[in-house]
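Peer 1: Hey, dropping work_16.txt in here, compact mmCIF, N, CA and C atoms and all ligand atoms:
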# COMPACT_ATOMS: atom_id res chain seq x y z
N MET A 1 -1.70 -28.21 2.11
CA MET A 1 -2.84 -27.69 1.33
C MET A 1 -3.25 -26.31 1.83
N PRO A 2 -3.45 -25.36 0.90
CA PRO A 2 -3.88 -24.04 1.37
C PRO A 2 -5.31 -24.09 1.89
N ARG A 3 -5.53 -23.34 2.92
CA ARG A 3 -6.89 -23.24 3.42
C ARG A 3 -7.68 -22.32 2.51
N PRO A 4 -8.99 -22.52 2.37
CA PRO A 4 -9.78 -21.56 1.59
C PRO A 4 -9.72 -20.19 2.28
N LEU A 5 -9.80 -19.14 1.48
CA LEU A 5 -9.70 -17.79 2.03
C LEU A 5 -10.96 -17.47 2.82
N ASP A 6 -10.74 -16.81 3.92
CA ASP A 6 -11.87 -16.35 4.71
C ASP A 6 -12.53 -15.18 4.00
N PRO A 7 -13.79 -14.95 4.27
CA PRO A 7 -14.44 -13.79 3.63
C PRO A 7 -13.77 -12.49 4.05
N VAL A 8 -13.71 -11.56 3.09
CA VAL A 8 -13.13 -10.24 3.38
C VAL A 8 -14.05 -9.52 4.36
N GLY A 9 -13.45 -8.77 5.25
CA GLY A 9 -14.25 -8.02 6.20
C GLY A 9 -14.16 -8.59 7.60
N THR A 10 -13.39 -9.64 7.78
CA THR A 10 -13.18 -10.15 9.12
C THR A 10 -12.42 -9.11 9.91
N ALA A 11 -12.64 -9.08 11.19
CA ALA A 11 -12.09 -8.01 12.02
C ALA A 11 -10.56 -8.04 12.04
N GLN A 12 -9.98 -9.22 12.14
CA GLN A 12 -8.53 -9.30 12.21
C GLN A 12 -7.95 -9.56 10.82
N PRO A 13 -7.11 -8.65 10.33
CA PRO A 13 -6.46 -8.93 9.06
C PRO A 13 -5.48 -10.09 9.23
N HIS A 14 -5.30 -10.84 8.21
CA HIS A 14 -4.37 -11.95 8.35
C HIS A 14 -3.72 -12.28 7.02
N TYR A 15 -2.73 -13.09 7.10
CA TYR A 15 -1.86 -13.38 5.97
C TYR A 15 -1.92 -14.87 5.67
N GLN A 16 -2.03 -15.22 4.39
CA GLN A 16 -2.04 -16.62 4.01
C GLN A 16 -1.12 -16.81 2.81
N SER A 17 -0.54 -17.97 2.73
CA SER A 17 0.34 -18.26 1.61
C SER A 17 0.27 -19.74 1.28
N ASP A 18 0.28 -20.05 -0.02
CA ASP A 18 0.37 -21.46 -0.40
C ASP A 18 1.71 -21.71 -1.08
N GLY A 19 2.65 -20.85 -0.85
CA GLY A 19 3.98 -21.03 -1.42
C GLY A 19 4.22 -20.09 -2.57
N ALA A 20 3.35 -20.11 -3.57
CA ALA A 20 3.54 -19.26 -4.73
C ALA A 20 2.69 -18.00 -4.65
N ARG A 21 1.51 -18.15 -4.06
CA ARG A 21 0.62 -17.00 -3.98
C ARG A 21 0.47 -16.58 -2.52
N HIS A 22 0.42 -15.28 -2.32
CA HIS A 22 0.29 -14.76 -0.97
C HIS A 22 -0.96 -13.89 -0.92
N HIS A 23 -1.69 -14.02 0.13
CA HIS A 23 -2.90 -13.22 0.29
C HIS A 23 -2.83 -12.50 1.62
N TRP A 24 -3.05 -11.24 1.58
CA TRP A 24 -3.12 -10.46 2.82
C TRP A 24 -4.51 -9.88 2.88
N ILE A 25 -5.25 -10.29 3.86
CA ILE A 25 -6.66 -9.96 3.90
C ILE A 25 -6.92 -8.94 5.01
N THR A 26 -7.48 -7.81 4.64
CA THR A 26 -7.77 -6.76 5.62
C THR A 26 -9.19 -6.29 5.40
N GLU A 27 -9.60 -5.37 6.26
CA GLU A 27 -10.93 -4.79 6.10
C GLU A 27 -11.02 -4.01 4.80
N ALA A 28 -9.87 -3.54 4.30
CA ALA A 28 -9.87 -2.74 3.08
C ALA A 28 -9.93 -3.61 1.83
N GLY A 29 -9.71 -4.90 1.98
CA GLY A 29 -9.76 -5.76 0.81
C GLY A 29 -8.71 -6.84 0.89
N THR A 30 -8.66 -7.65 -0.15
CA THR A 30 -7.69 -8.74 -0.21
C THR A 30 -6.58 -8.36 -1.17
N PHE A 31 -5.34 -8.49 -0.72
CA PHE A 31 -4.20 -8.14 -1.53
C PHE A 31 -3.48 -9.41 -1.95
N HIS A 32 -3.18 -9.51 -3.21
CA HIS A 32 -2.53 -10.70 -3.73
C HIS A 32 -1.12 -10.37 -4.15
N HIS A 33 -0.26 -11.30 -3.94
CA HIS A 33 1.11 -11.15 -4.38
C HIS A 33 1.53 -12.46 -4.99
N THR A 34 1.94 -12.45 -6.24
CA THR A 34 2.30 -13.69 -6.92
C THR A 34 3.77 -13.66 -7.27
N GLU A 35 4.46 -14.72 -6.93
CA GLU A 35 5.89 -14.78 -7.19
C GLU A 35 6.20 -15.60 -8.45
N SER A 36 5.34 -15.51 -9.43
CA SER A 36 5.62 -16.20 -10.69
C SER A 36 6.46 -15.27 -11.56
N SER A 37 7.05 -15.81 -12.60
CA SER A 37 7.81 -14.95 -13.50
C SER A 37 6.83 -14.19 -14.38
N MET A 38 6.77 -12.89 -14.20
CA MET A 38 5.82 -12.08 -14.94
C MET A 38 6.55 -11.37 -16.07
N PRO A 39 5.88 -11.16 -17.20
CA PRO A 39 6.53 -10.45 -18.30
C PRO A 39 6.80 -9.00 -17.94
N SER A 40 6.01 -8.43 -17.03
CA SER A 40 6.19 -7.03 -16.68
C SER A 40 7.50 -6.81 -15.94
N LYS A 41 8.13 -5.65 -16.23
CA LYS A 41 9.36 -5.29 -15.53
C LYS A 41 9.06 -4.61 -14.22
N ILE A 42 7.79 -4.31 -14.02
CA ILE A 42 7.43 -3.48 -12.87
C ILE A 42 7.83 -4.09 -11.52
N PRO A 43 7.58 -5.39 -11.30
CA PRO A 43 7.98 -5.93 -9.98
C PRO A 43 9.47 -5.75 -9.70
N THR A 44 10.29 -5.95 -10.72
CA THR A 44 11.74 -5.78 -10.55
C THR A 44 12.09 -4.32 -10.29
N LEU A 45 11.49 -3.44 -11.08
CA LEU A 45 11.77 -2.01 -10.90
C LEU A 45 11.31 -1.52 -9.53
N ARG A 46 10.18 -2.04 -9.11
CA ARG A 46 9.65 -1.65 -7.80
C ARG A 46 10.60 -2.10 -6.69
N THR A 47 11.08 -3.34 -6.81
CA THR A 47 11.98 -3.86 -5.80
C THR A 47 13.29 -3.08 -5.79
N GLN A 48 13.81 -2.77 -6.99
CA GLN A 48 15.05 -1.98 -7.07
C GLN A 48 14.87 -0.62 -6.41
N ALA A 49 13.75 0.02 -6.71
CA ALA A 49 13.50 1.35 -6.13
C ALA A 49 13.35 1.23 -4.61
N PHE A 50 12.67 0.20 -4.17
CA PHE A 50 12.48 -0.03 -2.73
C PHE A 50 13.83 -0.11 -2.02
N VAL A 51 14.74 -0.90 -2.61
CA VAL A 51 16.07 -1.06 -2.00
C VAL A 51 16.83 0.25 -2.03
N GLN A 52 16.81 0.92 -3.19
CA GLN A 52 17.53 2.20 -3.33
C GLN A 52 17.03 3.24 -2.34
N GLN A 53 15.75 3.21 -2.05
CA GLN A 53 15.16 4.20 -1.16
C GLN A 53 15.20 3.74 0.30
N GLY A 54 15.93 2.69 0.55
CA GLY A 54 16.05 2.20 1.92
C GLY A 54 14.72 1.72 2.49
N GLY A 55 13.83 1.26 1.60
CA GLY A 55 12.55 0.72 2.05
C GLY A 55 11.54 1.80 2.45
N ARG A 56 11.84 3.05 2.06
CA ARG A 56 10.93 4.13 2.46
C ARG A 56 10.23 4.75 1.25
N CYS A 57 9.03 5.22 1.48
CA CYS A 57 8.20 5.82 0.43
C CYS A 57 8.88 7.06 -0.15
N TRP A 58 8.82 7.18 -1.48
CA TRP A 58 9.44 8.33 -2.16
C TRP A 58 8.74 9.63 -1.78
N TYR A 59 7.47 9.56 -1.46
CA TYR A 59 6.72 10.76 -1.12
C TYR A 59 6.80 11.10 0.36
N CYS A 60 6.43 10.16 1.20
CA CYS A 60 6.24 10.50 2.62
C CYS A 60 7.32 9.91 3.53
N CYS A 61 8.20 9.05 2.99
CA CYS A 61 9.31 8.46 3.75
C CYS A 61 8.87 7.40 4.77
N VAL A 62 7.63 6.97 4.69
CA VAL A 62 7.20 5.93 5.62
C VAL A 62 7.89 4.61 5.27
N ARG A 63 8.09 3.75 6.24
CA ARG A 63 8.64 2.42 5.96
C ARG A 63 7.56 1.55 5.32
N MET A 64 7.93 0.82 4.26
CA MET A 64 6.95 0.04 3.50
C MET A 64 7.28 -1.45 3.59
N TRP A 65 6.30 -2.26 3.19
CA TRP A 65 6.53 -3.69 3.05
C TRP A 65 6.28 -4.08 1.59
N CYS A 66 6.92 -5.17 1.14
CA CYS A 66 6.78 -5.59 -0.26
C CYS A 66 5.86 -6.78 -0.43
N ALA A 67 6.28 -7.92 0.07
CA ALA A 67 5.48 -9.13 -0.13
C ALA A 67 4.49 -9.34 0.99
N SER A 68 4.83 -8.92 2.17
CA SER A 68 3.97 -9.17 3.32
C SER A 68 4.22 -8.17 4.42
N PRO A 69 3.16 -7.72 5.10
CA PRO A 69 3.34 -6.79 6.22
C PRO A 69 4.21 -7.37 7.33
N ILE A 70 4.41 -8.68 7.29
CA ILE A 70 5.23 -9.32 8.30
C ILE A 70 6.66 -8.75 8.27
N GLU A 71 7.04 -8.16 7.12
CA GLU A 71 8.38 -7.56 7.01
C GLU A 71 8.55 -6.41 8.00
N LEU A 72 7.47 -5.78 8.38
CA LEU A 72 7.55 -4.71 9.37
C LEU A 72 7.24 -5.32 10.73
N ALA A 73 7.97 -4.89 11.72
CA ALA A 73 7.85 -5.50 13.05
C ALA A 73 6.41 -5.43 13.56
N SER A 74 5.71 -4.38 13.15
CA SER A 74 4.38 -4.14 13.70
C SER A 74 3.30 -4.63 12.74
N ALA A 75 3.54 -5.77 12.12
CA ALA A 75 2.68 -6.24 11.03
C ALA A 75 1.24 -6.48 11.44
N ARG A 76 0.97 -6.57 12.72
CA ARG A 76 -0.38 -6.96 13.11
C ARG A 76 -1.38 -5.82 13.06
N HIS A 77 -0.89 -4.59 12.89
CA HIS A 77 -1.83 -3.48 12.88
C HIS A 77 -2.72 -3.55 11.65
N LYS A 78 -3.99 -3.27 11.85
CA LYS A 78 -4.94 -3.47 10.76
C LYS A 78 -4.79 -2.44 9.63
N GLY A 79 -4.06 -1.38 9.85
CA GLY A 79 -3.90 -0.38 8.79
C GLY A 79 -2.71 -0.64 7.90
N MET A 80 -2.08 -1.79 8.03
CA MET A 80 -0.84 -2.05 7.32
C MET A 80 -0.98 -2.03 5.80
N ALA A 81 -2.19 -2.21 5.29
CA ALA A 81 -2.38 -2.22 3.83
C ALA A 81 -1.90 -0.90 3.21
N SER A 82 -2.05 0.19 3.95
CA SER A 82 -1.67 1.49 3.41
C SER A 82 -0.16 1.65 3.27
N LEU A 83 0.61 0.74 3.86
CA LEU A 83 2.07 0.84 3.81
C LEU A 83 2.68 -0.13 2.81
N LYS A 84 1.84 -0.73 1.97
CA LYS A 84 2.37 -1.64 0.96
C LYS A 84 3.16 -0.85 -0.09
N CYS A 85 4.28 -1.42 -0.51
CA CYS A 85 5.12 -0.78 -1.53
C CYS A 85 4.49 -0.95 -2.91
N THR A 86 4.31 0.16 -3.62
CA THR A 86 3.79 0.13 -4.98
C THR A 86 4.78 0.83 -5.91
N ALA A 87 4.67 0.54 -7.18
CA ALA A 87 5.52 1.22 -8.17
C ALA A 87 4.79 2.46 -8.66
N GLU A 88 5.49 3.56 -8.70
CA GLU A 88 4.91 4.82 -9.15
C GLU A 88 5.72 5.35 -10.32
N HIS A 89 5.04 5.65 -11.43
CA HIS A 89 5.73 6.24 -12.58
C HIS A 89 5.85 7.74 -12.37
N LEU A 90 7.04 8.28 -12.49
CA LEU A 90 7.21 9.73 -12.36
C LEU A 90 6.56 10.43 -13.54
N LEU A 91 6.80 9.91 -14.73
CA LEU A 91 6.08 10.38 -15.92
C LEU A 91 5.11 9.26 -16.28
N ALA A 92 3.82 9.56 -16.25
CA ALA A 92 2.80 8.54 -16.47
C ALA A 92 2.99 7.86 -17.82
N LYS A 93 2.61 6.59 -17.86
CA LYS A 93 2.73 5.86 -19.12
C LYS A 93 1.87 6.50 -20.20
N SER A 94 0.73 7.07 -19.79
CA SER A 94 -0.14 7.73 -20.76
C SER A 94 0.51 8.97 -21.35
N GLU A 95 1.57 9.48 -20.67
CA GLU A 95 2.28 10.66 -21.18
C GLU A 95 3.63 10.27 -21.78
N GLY A 96 3.79 8.98 -22.04
CA GLY A 96 5.02 8.54 -22.67
C GLY A 96 6.07 8.01 -21.71
N GLY A 97 5.74 7.95 -20.42
CA GLY A 97 6.69 7.44 -19.43
C GLY A 97 6.97 5.97 -19.65
N LYS A 98 8.21 5.58 -19.44
CA LYS A 98 8.63 4.20 -19.71
C LYS A 98 8.76 3.40 -18.42
N ASP A 99 8.70 2.07 -18.59
CA ASP A 99 9.00 1.17 -17.48
C ASP A 99 10.51 1.06 -17.35
N GLN A 100 11.13 2.11 -16.84
CA GLN A 100 12.59 2.15 -16.68
C GLN A 100 12.91 2.62 -15.28
N ALA A 101 14.11 2.20 -14.84
CA ALA A 101 14.50 2.52 -13.46
C ALA A 101 14.45 4.03 -13.19
N ASN A 102 14.79 4.84 -14.18
CA ASN A 102 14.82 6.29 -13.92
C ASN A 102 13.42 6.91 -13.96
N ASN A 103 12.41 6.10 -14.21
CA ASN A 103 11.05 6.64 -14.24
C ASN A 103 10.15 5.99 -13.20
N VAL A 104 10.69 5.07 -12.42
CA VAL A 104 9.86 4.35 -11.45
C VAL A 104 10.42 4.56 -10.04
N VAL A 105 9.57 4.99 -9.13
CA VAL A 105 9.95 5.09 -7.73
C VAL A 105 9.02 4.19 -6.92
N ALA A 106 9.45 3.90 -5.69
CA ALA A 106 8.61 3.09 -4.79
C ALA A 106 7.84 4.04 -3.90
N ALA A 107 6.53 3.86 -3.88
CA ALA A 107 5.67 4.72 -3.06
C ALA A 107 4.72 3.86 -2.27
N CYS A 108 4.37 4.30 -1.09
CA CYS A 108 3.41 3.54 -0.29
C CYS A 108 2.04 3.62 -0.95
N TRP A 109 1.23 2.63 -0.64
CA TRP A 109 -0.09 2.53 -1.25
C TRP A 109 -0.93 3.77 -0.95
N HIS A 110 -0.78 4.30 0.24
CA HIS A 110 -1.56 5.47 0.64
C HIS A 110 -1.22 6.68 -0.24
N CYS A 111 0.06 6.95 -0.44
CA CYS A 111 0.47 8.09 -1.27
C CYS A 111 0.04 7.87 -2.72
N ASN A 112 0.30 6.67 -3.22
CA ASN A 112 -0.03 6.36 -4.61
C ASN A 112 -1.53 6.55 -4.87
N ARG A 113 -2.32 5.98 -3.99
CA ARG A 113 -3.76 6.04 -4.17
C ARG A 113 -4.27 7.48 -4.03
N THR A 114 -3.74 8.19 -3.04
CA THR A 114 -4.21 9.55 -2.80
C THR A 114 -3.91 10.45 -3.99
N ARG A 115 -2.73 10.29 -4.57
CA ARG A 115 -2.35 11.13 -5.72
C ARG A 115 -3.27 10.84 -6.91
N HIS A 116 -3.51 9.56 -7.18
CA HIS A 116 -4.28 9.23 -8.38
C HIS A 116 -5.77 9.35 -8.18
N LYS A 117 -6.17 9.53 -6.93
CA LYS A 117 -7.58 9.71 -6.63
C LYS A 117 -8.02 11.13 -7.00
N ARG A 118 -7.07 12.04 -7.05
CA ARG A 118 -7.42 13.42 -7.37
C ARG A 118 -7.81 13.53 -8.85
N LYS A 119 -8.72 14.44 -9.12
CA LYS A 119 -9.24 14.59 -10.48
C LYS A 119 -8.10 14.86 -11.46
N LEU A 120 -7.21 15.75 -11.06
CA LEU A 120 -6.05 16.06 -11.89
C LEU A 120 -4.81 15.74 -11.04
N PRO A 121 -4.29 14.52 -11.17
CA PRO A 121 -3.16 14.13 -10.31
C PRO A 121 -2.01 15.13 -10.42
N PRO A 122 -1.54 15.67 -9.28
CA PRO A 122 -0.44 16.64 -9.33
C PRO A 122 0.85 15.96 -9.79
N LYS A 123 1.77 16.77 -10.31
CA LYS A 123 3.07 16.24 -10.71
C LYS A 123 3.75 15.65 -9.47
N PRO A 124 4.55 14.60 -9.68
CA PRO A 124 5.18 13.93 -8.54
C PRO A 124 5.93 14.87 -7.60
N GLU A 125 6.71 15.81 -8.15
CA GLU A 125 7.50 16.70 -7.29
C GLU A 125 6.59 17.60 -6.45
N ALA A 126 5.53 18.09 -7.08
CA ALA A 126 4.60 18.96 -6.36
C ALA A 126 3.85 18.17 -5.28
N PHE A 127 3.46 16.96 -5.64
CA PHE A 127 2.74 16.13 -4.68
C PHE A 127 3.65 15.79 -3.50
N ARG A 128 4.93 15.52 -3.81
CA ARG A 128 5.86 15.17 -2.75
C ARG A 128 6.03 16.33 -1.76
N ALA A 129 6.15 17.55 -2.30
CA ALA A 129 6.29 18.71 -1.42
C ALA A 129 5.05 18.87 -0.54
N ASP A 130 3.89 18.65 -1.13
CA ASP A 130 2.63 18.74 -0.39
C ASP A 130 2.59 17.68 0.71
N VAL A 131 2.95 16.45 0.34
CA VAL A 131 2.93 15.35 1.30
C VAL A 131 3.88 15.63 2.46
N ARG A 132 5.08 16.12 2.13
CA ARG A 132 6.08 16.37 3.19
C ARG A 132 5.57 17.43 4.17
N ARG A 133 4.88 18.44 3.66
CA ARG A 133 4.31 19.47 4.55
C ARG A 133 3.27 18.84 5.49
N ARG A 134 2.45 17.97 4.92
CA ARG A 134 1.42 17.33 5.73
C ARG A 134 2.04 16.39 6.76
N VAL A 135 3.08 15.67 6.34
CA VAL A 135 3.78 14.77 7.27
C VAL A 135 4.33 15.57 8.45
N ALA A 136 4.93 16.72 8.13
CA ALA A 136 5.54 17.56 9.16
C ALA A 136 4.50 18.03 10.17
N ARG A 137 3.26 18.20 9.70
CA ARG A 137 2.19 18.64 10.60
C ARG A 137 1.47 17.45 11.23
N GLY A 138 1.96 16.24 10.95
CA GLY A 138 1.33 15.04 11.50
C GLY A 138 -0.02 14.76 10.89
N ARG A 139 -0.20 15.18 9.62
CA ARG A 139 -1.52 15.03 9.00
C ARG A 139 -1.45 14.23 7.70
N TRP A 140 -0.75 13.14 7.73
CA TRP A 140 -0.74 12.30 6.54
C TRP A 140 -1.18 10.89 6.90
N HIS A 141 -0.29 10.13 7.53
CA HIS A 141 -0.71 8.80 7.97
C HIS A 141 -1.39 8.91 9.33
N HIS A 142 -2.04 7.81 9.71
CA HIS A 142 -2.65 7.75 11.03
C HIS A 142 -1.56 7.86 12.10
N PRO A 143 -1.90 8.40 13.25
CA PRO A 143 -0.88 8.60 14.30
C PRO A 143 -0.14 7.32 14.69
N TRP A 144 -0.77 6.16 14.57
CA TRP A 144 -0.10 4.92 15.00
C TRP A 144 1.15 4.64 14.16
N VAL A 145 1.18 5.16 12.92
CA VAL A 145 2.34 4.92 12.05
C VAL A 145 3.58 5.55 12.68
N ARG A 146 3.43 6.77 13.19
CA ARG A 146 4.56 7.43 13.82
C ARG A 146 4.85 6.81 15.19
N THR A 147 3.80 6.47 15.88
CA THR A 147 3.96 5.87 17.21
C THR A 147 4.81 4.60 17.12
N LEU A 148 4.61 3.83 16.04
CA LEU A 148 5.34 2.58 15.88
C LEU A 148 6.72 2.80 15.24
N GLY A 149 7.08 4.05 15.00
CA GLY A 149 8.41 4.35 14.48
C GLY A 149 8.58 4.05 13.00
N LEU A 150 7.46 4.03 12.26
CA LEU A 150 7.54 3.71 10.83
C LEU A 150 7.63 4.98 9.98
N LEU A 151 7.50 6.13 10.61
CA LEU A 151 7.54 7.39 9.86
C LEU A 151 8.45 8.37 10.58
ZN ZN B 1 3.92 7.40 1.22
Here is a file; write its structure as structure tokens.
Peer 2:
Amino acid sequence: MPRPLDPVGTAQPHYQSDGARHHWITEAGTFHHTESSMPSKIPTLRTQAFVQQGGRCWYCCVRMWCASPIELASARHKGMASLKCTAEHLLAKSEGGKDQANNVVAACWHCNRTRHKRKLPPKPEAFRADVRRRVARGRWHHPWVRTLGLL
């Protein structure tokens, strides 16, 4: 029997699973992952892109996790939510972009969120160049990401 979820905001992030549903609870929120058959092609495209990219973010090249941070050796770090693999459309769906392999890349949650948080999200190529410059200066992910060999 699955245990009831602990309230969000507990100091130690933790992972729970009842077999079909997975919950990763961090200070930043609760992340759900469902392994049911979904009509969306996105989970498949995301996984394909993840494999093609060697498990690294299309923007910043950080190592990502898909279903659970446990996939990364250093899963216990509380900032692991930012390294979750997300699907990123190169051409936004609102601009006619399709759910197709040639339009979907795998990006870490941090890059994805940061790009779309901007008032006018930059084009993927421009954003990638910007991210790479910041990575080179050590000003993208928190220092522990590099310390742990994930970037
Ligand atoms: Zn990234």
Peer 1: Nearest to ligand ZN 1 (chain B) among A:Asn103, A:Ser82, A:Ser40, A:Gln48, with distances taken over only C-alpha atoms and all ligand atoms: which residue is it?
Peer 2: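 Looking only at the distances to ligand ZN 1 (chain B), the closest residue turns out to be A:Ser82.
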Peer 1: Step by step, measure atom-to-atom distances between ligand ZN 1 (chain B) and each residue using all atoms listed in the file, keep those at most 7 Å, then write them as a list of chain:residue names.
Peer 2: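 Sorted by chain and then by number, the residues are A:Arg56, A:Cys57, A:Trp58, A:Tyr59, A:Cys60, A:Cys61, A:Val62, A:Ala107, A:Cys108, A:Trp109, A:His110, A:Cys111, A:Asn112.
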Peer 1: Separation of atom N of A:Ala129 and atom CA of A:Arg115, in Å?
Peer 2: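 So the answer is 11.2 Å.
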Peer 1: Return the single residue from A:Pro43, A:Gly96, A:Gly79, A:Pro124 that is closest to A:Pro143, with distances computed using only C-alpha atoms.
Peer 2: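 Between A:Pro43, A:Gly96, A:Gly79, A:Pro124, the residue approaching A:Pro143 most closely is A:Gly79.
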Peer 1: Tell me, as a CSV table (one decimal) with N, CA and C atoms, in the coordinates of the input, which residues lie within 5 Å of A:Val104, counting all atoms listed in the file; anything in the same chain fewer than 4 positions away does not count.
Peer 2:
chain,number,residue,atom,x,y,z
A,88,GLU,N,5.5,3.6,-8.7
A,88,GLU,CA,4.9,4.8,-9.2
A,88,GLU,C,5.7,5.4,-10.3
A,89,HIS,N,5.0,5.6,-11.4
A,89,HIS,CA,5.7,6.2,-12.6
A,89,HIS,C,5.8,7.7,-12.4
A,90,LEU,N,7.0,8.3,-12.5
A,90,LEU,CA,7.2,9.7,-12.4
A,90,LEU,C,6.6,10.4,-13.5
A,100,GLN,N,11.1,2.1,-16.8
A,100,GLN,CA,12.6,2.2,-16.7
A,100,GLN,C,12.9,2.6,-15.3
Peer 1: Provide the atom CA of A:Ala101 to atom C of A:Gly54 distance in Å, to one decimal place.
Peer 2: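 So the two atoms, atom CA of A:Ala101 and atom C of A:Gly54, lie 16.0 Å apart.
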Peer 1: Edge lengths and centre in Å to one decimal, as JSON, is what I'm after for the box along x, y and z that holds all listed atoms of stretch 104-113 of chain A once 6 Å is added on each side.
Peer 2:
{"center_x": 3.2, "center_y": 5.3, "center_z": -5.9, "size_x": 27.0, "size_y": 17.6, "size_z": 25.1}
Peer 1: Check stretch 46-80 of chain A with DSSP on the backbone and list each residue it calls helix (DSSP H, G or I), as a ChimeraX atom specification.
Peer 2: /A:46-52,69-71,80
Peer 1: Go through A:Leu120, A:Met64, A:Ala92, A:Ala87 and flag the residue nearest A:Leu151, using only C-alpha atoms for the distances.
Peer 2: A:Met64
Peer 1: Work out how far apart atom N of A:Ser94 and atom C of A:His141 are and give it in Å to one decimal.
Peer 2: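 Atom-to-atom, atom N of A:Ser94 and atom C of A:His141 are spaced 29.3 Å apart.
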